[in-house]
Every structure is written in C-alpha cells, then in structure tokens.
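All remarks here apply to the structure that follows.
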Amino acid sequence: MNITRRDFLKVLGILGAGAGTAAGCSPMASYFPTQSAGFPDPPQVSSLEWRALNRLSFGPRPEERRRLTEIGLENYLEEQLSPENIKDHKTDLLLSRLEVLEMDADSLRNRGDKIFDNFDPALVLDDFRQATTLRQVYSKKQLEEMLVEFWTDHFNISVQKGDCWFLKIVDDREVIRAHALGNFRELLGASAHSPAMLVYLDNQENHKDAPNENYARELLELHSLGVQGGYSQDDVMELARCLTGWRIKEHFWKGELKFDQDSHTPGEKTVLGEIIKSTGEGEINQVLDILAQHPSTAETVCTKLARRFLADNPPREIITKASQTFLESRGDIKAVLRIILLDGFPQIQHENTPLKYKRPVNYLVSALRSSGADTDGGKALQRYLKNMGQPLYDWPTPDGYPDTEAAWQGNLLPRWQFALDLVQNQIKGTKFDLDSYLVDIQSGEASFFIDRIANNLLGGSLPPGMEIELLSALEETLNDNPRQAAEVVIAGVLASPTFQWR
C-alpha cells in the first residue's frame, strides 16, 4: 500500500494535480481530442462533442460516444430530450427491487412504523439514495437525470427536516421527475402543492392569525423571480396570506395535502401590483400564473440552467436568448434547453470558456461510468459522497447545493481516496474490472495501456512528453508489479486535475 501511495503521488505530480486544480484550470484540456494509439473503441469525438457529452451526462460511456458520432450532436440532443422514447431495461430492473420508489406518503410512513422503534428513517432513505445513484450511473436517459439533479437543487428540500424524510420521496417522483423536461409553470405548481415543500418551508404553520412568510419568501427569491427580481416585503406578506390554509394531513392518509378554508386569510390581496381575487385555494394559482410569466423568472431560471450546463459565468447573450424563448414558449423547458445547449456549446468552445468543476456527485458518478465500474449504489458508496461534502438530499438551506467551483475545490483528499479505493476494489458493492485494463501491460505495450486510460477517462491521449514521463517514473513498478502499476495509473488519472473538470 505504501508503494502504491508513493507511485500514486508521483502520477499526480506529473499530471500537475495540486497546481492545476488550485489554479482553477484544466492543464490537459487543450489536448482534447488526439488520436489514441490503436484503440478505436470508444470512438474519438471532437473537443466540442466531448465537452457536450460531459454536460449532457454524468460522464460519457463508450456507447454514448458511439451514438453521437453516428447521428451528430443535434440529433443526439433531441433523443435525450425525449426520454419517454428511450428503452432502459437494465435501469428499470435495478430499480424494481426498491419498492419505496412507488409508495405513497402514507405507505412510506407506515413502513417506517413497522421497521423502526423510533421512526428512524435510515433504511427508507438508504433505498431512496441508492435509487438516485443507480439512475445516475446506469440510466440511458442521462439528460433527464441531469435535469432531475438541477431541479432538485432549484426546489431544494432537506430530508433532515421533519417528515421530509418520506415526503421527499413522493416529491421526487410526482414533482421533480414528472416535470423535469416539461413546462415550468406546471413544475412550479406541482412544487407549490408538494407536501414535502410545504413542510420543509413551514407553510403548514401559515395561519390567518399567525402568518408564516418562509415559503412565500423562498417562492419569490429562489423558485421564481430571484433575489433581484423586483419584489418587495409587502409582496412577501401578501403572498404569505394567499398561502394560508394549506395543511398536511396528520392522521389518516398522513402526508397528503388539504386546504382548510377556516385558517385561510379572506379578502383580496395584491402581489407584484396584481389583484389576487379572493378564491381561497385558487389564489395560489393566480399568483403562480403571474410568477411563471414574469421576465425576472425567465432570467433567473435561464441563468441557473446556463450556469449548470455551460459555465460558472455563462455568456450574457445566451441567457438573453434563452429568456426570450422561455417567455415566448410559456416556460417550455425543452425549448429553453435547445437554445442553451445548441447555441451555448459552440460559443463557450469558441471563446475558450473555463470548464465546469465537477461537484462531488458528478465526480463520483463520472468515475464509475467512464471506468466501466459496476455498483449497487448502496451505503458504502454513499459514504464517499458524504466525505466529499454532497450527501444526497441533505443540503440544509433552501438554495440547494452550490454550483460553482469555489464551493468545492477545497476538499480534494476524499476524491483521491475514492479513486484509490475504487481501482483497488475496496468499496463494498462496487466492482472495478482491473483485469480488462491489464492486457496491454502484460503484452509489453504499456504506452497503449496509458493511451487507453486517457481515451476512456479524458477523451483523448496525454501529451507525448507527459506519457513518456509517466512510463519512466513507473518503470520499476511496471516490471515488478504490473497490476499495481495499472492501479496507480488509473487512480492517478481519476484524481488528476483534468478529470475534476467537465
């Protein structure tokens, strides 16, 4: 193990790990792609296509690279925008074993009653997190999974808050996944009627005699207009009055939404200068119609989408065009994505816009997908996400996990440990097939081996000088222990600066 660590640090030194990452750059990105030596599978893609695949998925697999080269980027995107037409039997089979995904709120809570003495939600949440990781690793509907992750952050709900430990599972199915590629107004409305959201942001405490403004404020600040969206404190107060009366059932059919007219504030309200007629439970829909078609909402949503898929500081003209499309299409998410992705990818490529730094989930899943590892997505794997700082569904505040590199670059050691443990098969429930990578070393073609690793994980070969330096530094290990040499090279590339970016 000591020798492996020493060689591992040698590899990181050669690849410029510390300096490259600290500088916020990707030192090998300019070499995408080059011709790898003798490995036509997976196929080479252009630099733009490689970047696009890394943004449209949690890390491109060979079959996705092959499909893109067959039909082109625009057609590939259209396929991904219609996930209902993509057959995904393997993922469906894996998920079929996790019955919590199809349960209603009452059944989930009852399951907790039967399993736990003190209503400890651990096992139910374990299954939920496992399902999310399995989808991210194996699903052929990768863009849909990327959007699910995006909207999960946009409408963040922490499972650590009250009954959210089981309500969020229903929210994931009926709000986020049901509308991820649909219409924003419908998504916003589904979230506004989500028991998980109303519990998380305390709207069940919002009563005509004791207004609670928490959900009203976040609905304006985070879910729609944005912090600079032009609303006032009076708007927050009036919206909170519109939201009074919504309750979550506490007994029979626990976790279902109901409206209690007696606790609702009567009379007209004024939100953003618009009169909201006194219709009781219908008032929220009047407000949502206003918010969903507000220019500030278009700006906020399109900026966040462009930040997720393009760059921390996305091009202003792309945001403007996407916002116009948002308003003209009345919140058609697919139409907005076409602008951001098809117009945005070439622009950031042309302008040499900095790459996106991988958040922990993206890093871990991309390592599994690109390396060909298999996993059950279970608790052992989830512990690595926790150590990296992004346990699923645990972000405590309503703004969701951060989406810029500054938030994540200070915690590299857990990523390095994950890379080492992965290739050495130290993660329970996860299997890395090292033998499939050993053929070239065993046949005396170590340079081919390094080319293959770089092509699989980075999309192209390493610069010739860097490859020679790696071979020289590992010459003794390659001769004495080729298996260990393979482990250290693969782990080193997974931990390298380039692999931290997409």
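Labels used: A, B, ... for chains in the order of the structure tokens, numbers from 1 for residues in each chain, and numbers from 1 for ligands as shown.
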
### Message
as a list in words, please: the residues near segment 473-475 of chain A (cut-off 9 Å, only C-alpha atoms, same-chain neighbours under 3 positions excluded).
### Response
Asp7, Lys10, Val11, Ile14, Ile468, Glu469, Leu470, Leu478, Asn479, Asp480, Ala485 and Val489 of chain A

With N, CA and C atoms retained, could you export that selection as a compact mmCIF listing (two decimals), in the first residue's frame?
# COMPACT_ATOMS: atom_id res chain seq x y z
N ASP A 7 3.77 5.85 -5.56
CA ASP A 7 3.62 5.94 -7.02
C ASP A 7 2.41 6.80 -7.40
N LYS A 10 3.45 10.23 -7.29
CA LYS A 10 4.28 10.52 -8.46
C LYS A 10 3.41 10.86 -9.66
N VAL A 11 2.38 10.03 -9.89
CA VAL A 11 1.49 10.25 -11.03
C VAL A 11 0.79 11.59 -10.91
N ILE A 14 3.13 14.38 -11.80
CA ILE A 14 3.35 14.50 -13.24
C ILE A 14 2.15 15.15 -13.91
N ILE A 468 5.57 9.84 -21.69
CA ILE A 468 6.93 9.32 -21.51
C ILE A 468 7.37 9.46 -20.05
N GLU A 469 7.04 10.60 -19.44
CA GLU A 469 7.42 10.83 -18.05
C GLU A 469 6.72 9.83 -17.13
N LEU A 470 5.47 9.54 -17.41
CA LEU A 470 4.74 8.56 -16.60
C LEU A 470 5.39 7.18 -16.71
N LEU A 478 6.18 -1.16 -13.17
CA LEU A 478 5.65 -1.86 -14.35
C LEU A 478 6.32 -3.23 -14.52
N ASN A 479 7.61 -3.28 -14.24
CA ASN A 479 8.34 -4.55 -14.39
C ASN A 479 8.06 -5.52 -13.25
N ASP A 480 8.01 -4.99 -12.01
CA ASP A 480 7.90 -5.86 -10.84
C ASP A 480 6.45 -6.22 -10.49
N ALA A 485 0.95 -1.20 -10.99
CA ALA A 485 1.18 -0.08 -11.91
C ALA A 485 -0.12 0.34 -12.57
N VAL A 489 -1.91 4.11 -12.14
CA VAL A 489 -2.15 4.98 -13.29
C VAL A 489 -3.63 5.34 -13.39

### Message
Taking 5 positions as the minimum chain separation for residues in the same chain, which residues sit within 9 Å of Arg415 of chain A when counting only C-alpha atoms? Answer as a PyMOL selection string.
### Response
chain A and resi 360+363-364+384+387-388+420+494-495

### Message
Just the number, please: distance in Å from atom CA of Pro295 of chain A to atom CA of Gly226 of chain A, one decimal.
### Response
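Computed distance, atom CA of Pro295 of chain A to atom CA of Gly226 of chain A, equals 10.6 Å.
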
### Atom pair atom CA of Thr477 of chain A / atom CA of Asn456 of chain A: separation (Å)
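About the pair atom CA of Thr477 of chain A and atom CA of Asn456 of chain A: they are 22.6 Å apart.
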
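Atom CA of Thr325 of chain A to atom CA of Ile157 of chain A spans 28.4 Å [interatomic distance, one decimal].
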
### Query
So, counting only C-alpha atoms, which residue among A:Lys90, A:Arg5, A:Lys140, A:Lys168 is closest to Arg61 of chain A?
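The answer is A:Lys140, which sits nearest to Arg61 of chain A.
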
### Task
Would you list, as a ChimeraX atom specification, the residues of segment 317-465 of chain A that end up in alpha helix (DSSP H) under DSSP run on this structure's backbone?
/A:317-328,333-338,344-350,360-371,379-388,413-423,439-442,446-458,464-465
